[in-house]
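As provided, input.pdb (PDB, C-alpha atoms) reads as follows.
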ATOM      1  CA  MET K 174      96.737  72.048 100.152
ATOM      2  CA  PRO K 175      99.257  71.292  97.377
ATOM      3  CA  ALA K 176     102.468  69.823  98.783
ATOM      4  CA  GLY K 177     104.511  72.133  96.585
ATOM      5  CA  LYS K 178     103.167  75.238  98.250
ATOM      6  CA  LYS K 179     103.786  73.856 101.731
ATOM      7  CA  GLN K 180     107.367  72.987 100.826
ATOM      8  CA  LYS K 181     107.881  76.478  99.449
ATOM      9  CA  ALA K 182     106.392  78.010 102.591
ATOM     10  CA  ASP K 183     108.783  75.972 104.748
ATOM     11  CA  ILE K 184     111.737  77.220 102.681
ATOM     12  CA  VAL K 185     110.566  80.819 102.969
ATOM     13  CA  LEU K 186     110.057  80.567 106.719
ATOM     14  CA  GLN K 187     113.410  78.873 107.326
ATOM     15  CA  THR K 188     115.340  81.308 105.139
ATOM     16  CA  LEU K 189     113.769  84.428 106.621
ATOM     17  CA  GLN K 190     114.413  83.159 110.125
ATOM     18  CA  GLU K 191     118.030  82.462 109.188
ATOM     19  CA  TYR K 192     118.717  85.850 107.592
ATOM     20  CA  MET K 193     116.312  88.076 109.515
ATOM     21  CA  PRO K 194     115.609  86.514 112.939
ATOM     22  CA  LYS K 195     114.720  89.754 114.722
ATOM     23  CA  PRO K 196     112.910  92.125 112.367
ATOM     24  CA  GLU K 197     112.254  95.588 113.750
ATOM     25  CA  VAL K 198     108.976  97.431 113.312
ATOM     26  CA  PRO K 199     109.880 100.096 110.717
ATOM     27  CA  LEU K 200     107.430 102.754 111.955
ATOM     28  CA  HIS K 201     108.629 104.502 115.096
ATOM     29  CA  HIS K 202     106.055 104.577 117.884
ATOM     30  CA  SER K 203     105.748 104.407 121.640
ATOM     31  CA  ASP K 204     102.250 102.980 122.158
ATOM     32  CA  ALA K 205      99.142 101.786 120.338
ATOM     33  CA  PHE K 206      97.973 105.320 119.565
ATOM     34  CA  THR K 207     101.227 106.514 118.020
ATOM     35  CA  LEU K 208     101.436 103.265 116.049
ATOM     36  CA  LEU K 209      97.906 103.765 114.715
ATOM     37  CA  VAL K 210      98.729 107.317 113.670
ATOM     38  CA  ALA K 211     101.981 106.263 111.995
ATOM     39  CA  VAL K 212     100.282 103.488 110.044
ATOM     40  CA  MET K 213      97.524 105.862 108.903
ATOM     41  CA  LEU K 214     100.181 108.296 107.694
ATOM     42  CA  SER K 215     102.032 105.553 105.810
ATOM     43  CA  ALA K 216      99.305 105.212 103.179
ATOM     44  CA  ARG K 217     101.005 106.005  99.853
ATOM     45  CA  CYS K 218     104.064 107.179 101.748
ATOM     46  CA  THR K 219     107.356 105.602 102.763
ATOM     47  CA  ASP K 220     108.058 104.603 106.350
ATOM     48  CA  VAL K 221     111.187 106.769 106.246
ATOM     49  CA  ARG K 222     109.140 109.864 105.456
ATOM     50  CA  VAL K 223     106.600 109.034 108.162
ATOM     51  CA  ASN K 224     109.388 108.652 110.722
ATOM     52  CA  GLU K 225     110.672 112.084 109.734
ATOM     53  CA  VAL K 226     107.404 113.862 110.556
ATOM     54  CA  THR K 227     106.050 111.931 113.528
ATOM     55  CA  PRO K 228     108.483 113.286 116.159
ATOM     56  CA  THR K 229     107.141 116.799 115.543
ATOM     57  CA  LEU K 230     103.562 115.558 115.349
ATOM     58  CA  PHE K 231     103.784 113.551 118.560
ATOM     59  CA  ALA K 232     105.478 116.417 120.385
ATOM     60  CA  LEU K 233     102.369 118.444 119.572
ATOM     61  CA  ALA K 234      99.767 115.700 120.008
ATOM     62  CA  PRO K 235     100.996 112.515 121.701
ATOM     63  CA  ASP K 236      97.561 111.117 122.542
ATOM     64  CA  ALA K 237      93.962 111.068 121.372
ATOM     65  CA  ALA K 238      92.864 113.924 123.613
ATOM     66  CA  THR K 239      95.444 116.401 122.354
ATOM     67  CA  MET K 240      95.130 115.229 118.746
ATOM     68  CA  ALA K 241      91.358 115.714 118.843
ATOM     69  CA  ALA K 242      91.794 119.227 120.236
ATOM     70  CA  THR K 243      94.404 120.260 117.650
ATOM     71  CA  PRO K 244      93.187 122.167 114.574
ATOM     72  CA  TRP K 245      93.515 119.873 111.610
ATOM     73  CA  GLU K 246      95.266 122.638 109.664
ATOM     74  CA  ASP K 247      98.124 122.540 112.187
ATOM     75  CA  ILE K 248      98.410 118.788 111.732
ATOM     76  CA  ARG K 249      98.277 119.175 107.961
ATOM     77  CA  ARG K 250     101.286 121.484 107.968
ATOM     78  CA  ILE K 251     103.339 118.946 109.897
ATOM     79  CA  ILE K 252     102.386 115.903 107.855
ATOM     80  CA  ALA K 253     102.455 117.615 104.442
ATOM     81  CA  PRO K 254     105.567 115.652 103.318
ATOM     82  CA  CYS K 255     103.536 112.427 103.641
ATOM     83  CA  GLY K 256     101.086 113.439 100.927
ATOM     84  CA  LEU K 257      97.281 113.483 101.028
ATOM     85  CA  SER K 258      97.738 115.769 104.013
ATOM     86  CA  ASP K 259      94.258 117.320 103.992
ATOM     87  CA  THR K 260      92.507 113.957 104.161
ATOM     88  CA  LYS K 261      94.974 112.408 106.589
ATOM     89  CA  ALA K 262      94.874 115.381 108.965
ATOM     90  CA  GLN K 263      91.088 115.429 109.078
ATOM     91  CA  ARG K 264      90.949 111.688 109.618
ATOM     92  CA  LEU K 265      93.471 111.856 112.449
ATOM     93  CA  VAL K 266      91.392 114.468 114.261
ATOM     94  CA  GLU K 267      88.128 112.606 113.676
ATOM     95  CA  THR K 268      89.625 109.252 114.659
ATOM     96  CA  SER K 269      90.997 110.786 117.849
ATOM     97  CA  ARG K 270      87.606 112.292 118.639
ATOM     98  CA  LEU K 271      85.949 108.905 118.196
ATOM     99  CA  LEU K 272      88.573 107.227 120.377
ATOM    100  CA  LEU K 273      87.607 109.639 123.147
ATOM    101  CA  GLU K 274      83.897 109.230 122.521
ATOM    102  CA  ARG K 275      83.807 105.446 122.161
ATOM    103  CA  HIS K 276      86.892 104.074 123.887
ATOM    104  CA  ASN K 277      87.946 106.545 126.612
ATOM    105  CA  GLY K 278      90.815 107.729 124.435
ATOM    106  CA  ARG K 279      92.351 104.287 124.009
ATOM    107  CA  VAL K 280      92.929 102.352 120.825
ATOM    108  CA  PRO K 281      90.530  99.389 120.742
ATOM    109  CA  SER K 282      91.898  95.879 120.407
ATOM    110  CA  THR K 283      89.333  94.309 118.066
ATOM    111  CA  PHE K 284      89.176  94.351 114.283
ATOM    112  CA  GLU K 285      85.550  95.441 114.295
ATOM    113  CA  GLU K 286      86.176  98.498 116.465
ATOM    114  CA  LEU K 287      89.360  99.497 114.674
ATOM    115  CA  GLU K 288      87.861  99.221 111.199
ATOM    116  CA  ALA K 289      84.961 101.416 112.304
ATOM    117  CA  LEU K 290      87.391 104.348 112.627
ATOM    118  CA  PRO K 291      87.879 106.798 109.703
ATOM    119  CA  GLY K 292      90.736 105.819 107.452
ATOM    120  CA  VAL K 293      91.384 102.510 109.205
ATOM    121  CA  GLY K 294      91.043  99.628 106.779
ATOM    122  CA  HIS K 295      91.758  95.957 107.313
ATOM    123  CA  LYS K 296      95.500  96.225 106.686
ATOM    124  CA  THR K 297      95.939  99.121 109.123
ATOM    125  CA  ALA K 298      93.832  97.304 111.704
ATOM    126  CA  SER K 299      95.899  94.145 111.199
ATOM    127  CA  VAL K 300      99.169  95.997 111.774
ATOM    128  CA  VAL K 301      97.863  97.528 114.998
ATOM    129  CA  MET K 302      96.370  94.247 116.191
ATOM    130  CA  THR K 303      99.597  92.286 115.742
ATOM    131  CA  GLN K 304     102.226  94.909 116.594
ATOM    132  CA  ALA K 305     100.445  96.715 119.425
ATOM    133  CA  PHE K 306      98.399  93.894 120.946
ATOM    134  CA  GLY K 307     100.146  90.707 119.852
ATOM    135  CA  HIS K 308      97.021  89.363 118.179
ATOM    136  CA  PRO K 309      97.698  86.878 115.356
ATOM    137  CA  ALA K 310      97.219  88.829 112.138
ATOM    138  CA  PHE K 311      98.851  88.837 108.703
ATOM    139  CA  PRO K 312      98.708  92.327 107.172
ATOM    140  CA  VAL K 313      99.291  92.136 103.413
ATOM    141  CA  ASP K 314     100.875  95.162 101.758
ATOM    142  CA  THR K 315     102.263  95.547  98.239
ATOM    143  CA  HIS K 316     105.550  93.814  99.142
ATOM    144  CA  ILE K 317     103.831  90.763 100.619
ATOM    145  CA  TYR K 318     101.309  90.578  97.790
ATOM    146  CA  ARG K 319     104.115  90.685  95.223
ATOM    147  CA  LEU K 320     106.408  88.184  96.937
ATOM    148  CA  ALA K 321     103.641  85.715  97.761
ATOM    149  CA  ARG K 322     102.949  85.461  94.047
ATOM    150  CA  ARG K 323     106.628  85.526  93.013
ATOM    151  CA  TRP K 324     107.445  82.729  95.452
ATOM    152  CA  GLY K 325     104.507  80.597  94.348
ATOM    153  CA  LEU K 326     102.699  80.804  97.674
ATOM    154  CA  SER K 327      99.513  82.261  96.216
ATOM    155  CA  ARG K 328      97.875  82.955  92.891
ATOM    156  CA  GLY K 329      95.378  85.294  94.478
ATOM    157  CA  ASN K 330      94.398  88.370  92.507
ATOM    158  CA  SER K 331      93.392  90.336  95.576
ATOM    159  CA  VAL K 332      94.956  91.236  98.907
ATOM    160  CA  GLU K 333      92.182  89.321 100.673
ATOM    161  CA  LYS K 334      92.852  86.106  98.741
ATOM    162  CA  VAL K 335      96.619  86.328  99.260
ATOM    163  CA  GLU K 336      96.103  86.901 102.978
ATOM    164  CA  ALA K 337      93.825  83.858 103.206
ATOM    165  CA  ASP K 338      96.345  81.691 101.311
ATOM    166  CA  LEU K 339      99.265  82.740 103.519
ATOM    167  CA  LYS K 340      97.300  82.100 106.693
ATOM    168  CA  LYS K 341      96.714  78.528 105.524
ATOM    169  CA  LEU K 342     100.390  77.953 104.742
ATOM    170  CA  PHE K 343     102.093  79.380 107.835
ATOM    171  CA  PRO K 344     101.580  78.584 111.527
ATOM    172  CA  ARG K 345      99.373  81.104 113.319
ATOM    173  CA  ASP K 346     102.078  81.995 115.848
ATOM    174  CA  THR K 347     104.435  83.133 113.045
ATOM    175  CA  TRP K 348     102.084  85.570 111.289
ATOM    176  CA  GLY K 349     103.016  88.839 112.987
ATOM    177  CA  LYS K 350     106.774  88.345 112.785
ATOM    178  CA  LEU K 351     106.595  86.869 109.287
ATOM    179  CA  HIS K 352     104.675  89.897 108.054
ATOM    180  CA  LEU K 353     107.576  92.119 109.113
ATOM    181  CA  GLN K 354     110.182  89.735 107.724
ATOM    182  CA  ILE K 355     108.591  89.600 104.266
ATOM    183  CA  VAL K 356     108.076  93.376 104.101
ATOM    184  CA  LEU K 357     111.692  94.071 105.041
ATOM    185  CA  TRP K 358     112.945  91.270 102.782
ATOM    186  CA  GLY K 359     111.102  92.700  99.811
ATOM    187  CA  ARG K 360     112.712  96.064 100.347
ATOM    188  CA  GLN K 361     116.235  94.801 100.958
ATOM    189  CA  TYR K 362     116.652  91.628  98.908
ATOM    190  CA  CYS K 363     113.770  91.096  96.507
ATOM    191  CA  PRO K 364     112.441  94.378  95.049
ATOM    192  CA  ALA K 365     109.722  94.767  92.447
ATOM    193  CA  ARG K 366     112.173  95.095  89.563
ATOM    194  CA  GLY K 367     113.580  91.654  90.400
ATOM    195  CA  CYS K 368     116.471  90.436  92.493
ATOM    196  CA  LYS K 369     119.769  90.358  90.658
ATOM    197  CA  PRO K 370     121.583  88.340  91.770
ATOM    198  CA  ALA K 371     118.789  86.162  93.072
ATOM    199  CA  CYS K 372     118.032  86.559  96.763
ATOM    200  CA  PRO K 373     118.534  83.503  99.017
ATOM    201  CA  VAL K 374     114.794  82.767  99.077
ATOM    202  CA  CYS K 375     114.494  82.819  95.291
ATOM    203  CA  GLU K 376     117.693  80.781  94.929
ATOM    204  CA  ARG K 377     116.481  78.057  97.287
ATOM    205  CA  LEU K 378     113.035  77.933  95.723
ATOM    206  CA  ALA K 379     114.598  77.601  92.261
ATOM    207  CA  GLN K 380     116.516  74.527  93.417
ATOM    208  CA  GLN K 381     113.319  72.675  94.319
TER
END
Give the structure from the file, written as structure tokens.
Amino acid sequence: MPAGKKQKADIVLQTLQEYMPKPEVPLHHSDAFTLLVAVMLSARCTDVRVNEVTPTLFALAPDAATMAATPWEDIRRIIAPCGLSDTKAQRLVETSRLLLERHNGRVPSTFEELEALPGVGHKTASVVMTQAFGHPAFPVDTHIYRLARRWGLSRGNSVEKVEADLKKLFPRDTWGKLHLQIVLWGRQYCPARGCKPACPVCERLAQQ
């Protein structure tokens, strides 16, 4: 592992811990099921918009049993502001049905079982695994992908490669929290258009 990358990773970790020691999960949820639903809805949609529709959705269908029994058209009307509402509504109903059929209505706590559900890819599974079950995972979204490359932590050209690089650089017990810190940091301090003035992470890295 190049020493430069490790030094940069240490700076990133120290700075994020200094400025953002207690990051909050941006998607509102009360259990593993509502988290899974919220993450599925967040595809190509902002967390703010998801949080606007989920109170109504969860009042109607707070668990797998009620979600599976709800006509997908009713769900579609509620989640329409999130976009892709036809696909998302049908996947929510089908996923809930499979949770009942395979897991007694509970969200499974393994990557293999989660990724076997409709509309649940590796990133969604990683978010659920770390935030609902405390399993070490490092979900990589567009913010993390962008900042990992901007900060010189990875040159990976795919989400999978960036995830693998970050897992090598940071201690396993920091992954879940660090995922949240980088996502929130990218939104607040270091957006895609560039940070002007430079954010504290970029400033400290530039001094090395």
List, as a VMD selection string, every residue that the PyMOL selection byres ((chain K and resi 209-219) around 9) selects in the file provided.
chain K and resid 200 to 202 204 to 208 220 to 224 227 252 254 to 258 261 to 262 264 to 265 280 292 to 293 297 to 298 300 to 301 305
Output of the above residues as a PDB file, keeping the file's coordinate frame, restricted to C-alpha atoms:
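Writing done, so here's part.pdb:
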ATOM      1  CA  LEU K 200     107.430 102.754 111.955  1.00  0.00           C
ATOM      2  CA  HIS K 201     108.629 104.502 115.096  1.00  0.00           C
ATOM      3  CA  HIS K 202     106.055 104.577 117.884  1.00  0.00           C
ATOM      4  CA  ASP K 204     102.250 102.980 122.158  1.00  0.00           C
ATOM      5  CA  ALA K 205      99.142 101.786 120.338  1.00  0.00           C
ATOM      6  CA  PHE K 206      97.973 105.320 119.565  1.00  0.00           C
ATOM      7  CA  THR K 207     101.227 106.514 118.020  1.00  0.00           C
ATOM      8  CA  LEU K 208     101.436 103.265 116.049  1.00  0.00           C
ATOM      9  CA  ASP K 220     108.058 104.603 106.350  1.00  0.00           C
ATOM     10  CA  VAL K 221     111.187 106.769 106.246  1.00  0.00           C
ATOM     11  CA  ARG K 222     109.140 109.864 105.456  1.00  0.00           C
ATOM     12  CA  VAL K 223     106.600 109.034 108.162  1.00  0.00           C
ATOM     13  CA  ASN K 224     109.388 108.652 110.722  1.00  0.00           C
ATOM     14  CA  THR K 227     106.050 111.931 113.528  1.00  0.00           C
ATOM     15  CA  ILE K 252     102.386 115.903 107.855  1.00  0.00           C
ATOM     16  CA  PRO K 254     105.567 115.652 103.318  1.00  0.00           C
ATOM     17  CA  CYS K 255     103.536 112.427 103.641  1.00  0.00           C
ATOM     18  CA  GLY K 256     101.086 113.439 100.927  1.00  0.00           C
ATOM     19  CA  LEU K 257      97.281 113.483 101.028  1.00  0.00           C
ATOM     20  CA  SER K 258      97.738 115.769 104.013  1.00  0.00           C
ATOM     21  CA  LYS K 261      94.974 112.408 106.589  1.00  0.00           C
ATOM     22  CA  ALA K 262      94.874 115.381 108.965  1.00  0.00           C
ATOM     23  CA  ARG K 264      90.949 111.688 109.618  1.00  0.00           C
ATOM     24  CA  LEU K 265      93.471 111.856 112.449  1.00  0.00           C
ATOM     25  CA  VAL K 280      92.929 102.352 120.825  1.00  0.00           C
ATOM     26  CA  GLY K 292      90.736 105.819 107.452  1.00  0.00           C
ATOM     27  CA  VAL K 293      91.384 102.510 109.205  1.00  0.00           C
ATOM     28  CA  THR K 297      95.939  99.121 109.123  1.00  0.00           C
ATOM     29  CA  ALA K 298      93.832  97.304 111.704  1.00  0.00           C
ATOM     30  CA  VAL K 300      99.169  95.997 111.774  1.00  0.00           C
ATOM     31  CA  VAL K 301      97.863  97.528 114.998  1.00  0.00           C
ATOM     32  CA  ALA K 305     100.445  96.715 119.425  1.00  0.00           C
TER      33      ALA K 305
END
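Taken over the whole file, the PyMOL selection byres ((chain K and resi 181-190) around 9) covers exactly Ala176, Gly177, Lys178, Lys179, Gln180, Glu191, Tyr192, Met193, Pro194, Lys195, Trp324, Gly325, Leu326, Leu339, Leu342, Phe343, Thr347, Leu351, Gln354, Ile355, Trp358, Pro373, Val374, Cys375, Arg377, Leu378 and Gln381 of chain K.
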Apply the PyMOL selection byres ((chain K and resi 273-276) around 12) to the file shown and report the selected residues as a compact mmCIF listing (two decimals) with C-alpha atoms, keeping the file's coordinate frame.
# COMPACT_ATOMS: atom_id res chain seq x y z
CA PHE K 206 97.97 105.32 119.56
CA ASP K 236 97.56 111.12 122.54
CA ALA K 237 93.96 111.07 121.37
CA ALA K 238 92.86 113.92 123.61
CA THR K 239 95.44 116.40 122.35
CA MET K 240 95.13 115.23 118.75
CA ALA K 241 91.36 115.71 118.84
CA ALA K 242 91.79 119.23 120.24
CA VAL K 266 91.39 114.47 114.26
CA GLU K 267 88.13 112.61 113.68
CA THR K 268 89.62 109.25 114.66
CA SER K 269 91.00 110.79 117.85
CA ARG K 270 87.61 112.29 118.64
CA LEU K 271 85.95 108.90 118.20
CA LEU K 272 88.57 107.23 120.38
CA ASN K 277 87.95 106.54 126.61
CA GLY K 278 90.82 107.73 124.44
CA ARG K 279 92.35 104.29 124.01
CA VAL K 280 92.93 102.35 120.82
CA PRO K 281 90.53 99.39 120.74
CA SER K 282 91.90 95.88 120.41
CA THR K 283 89.33 94.31 118.07
CA GLU K 286 86.18 98.50 116.46
CA LEU K 287 89.36 99.50 114.67
CA ALA K 289 84.96 101.42 112.30
CA LEU K 290 87.39 104.35 112.63
Rounded to one decimal, what separation in Å do you get between CA of Lys334 (chain K) and CA of Gly294 (chain K)?
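Going from CA of Lys334 (chain K) over to CA of Gly294 (chain K) covers 15.8 Å.
Distance-wise, CA of Glu333 (chain K) and CA of Met302 (chain K) end up 16.8 Å apart.
For the atom pair formed by CA of Pro309 (chain K) and CA of Phe231 (chain K), the distance is 27.5 Å, given to one decimal.
Minimum atom-to-atom distance to Pro364 (chain K), evaluated using only C-alpha atoms, belongs to K:Ile317 out of K:Ser331, K:Ile317, K:Gln380, K:Pro228.
Proximity ranking of K:Leu353, K:Gln361, K:Arg323, K:Trp245 relative to Ala379 (chain K) places K:Arg323 first, based on only C-alpha atoms.
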In terms of only C-alpha atoms, the residue from K:Val313, K:Val356, K:Val332, K:Leu230 at minimal distance from Val198 (chain K) is K:Val356
Measuring atom to atom with all atoms listed in the file, identify which of K:Asp314, K:Glu225, K:Glu246, K:Glu288 is nearest to Arg360 (chain K).
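Among K:Asp314, K:Glu225, K:Glu246, K:Glu288, it is K:Asp314 that comes nearest to Arg360 (chain K).
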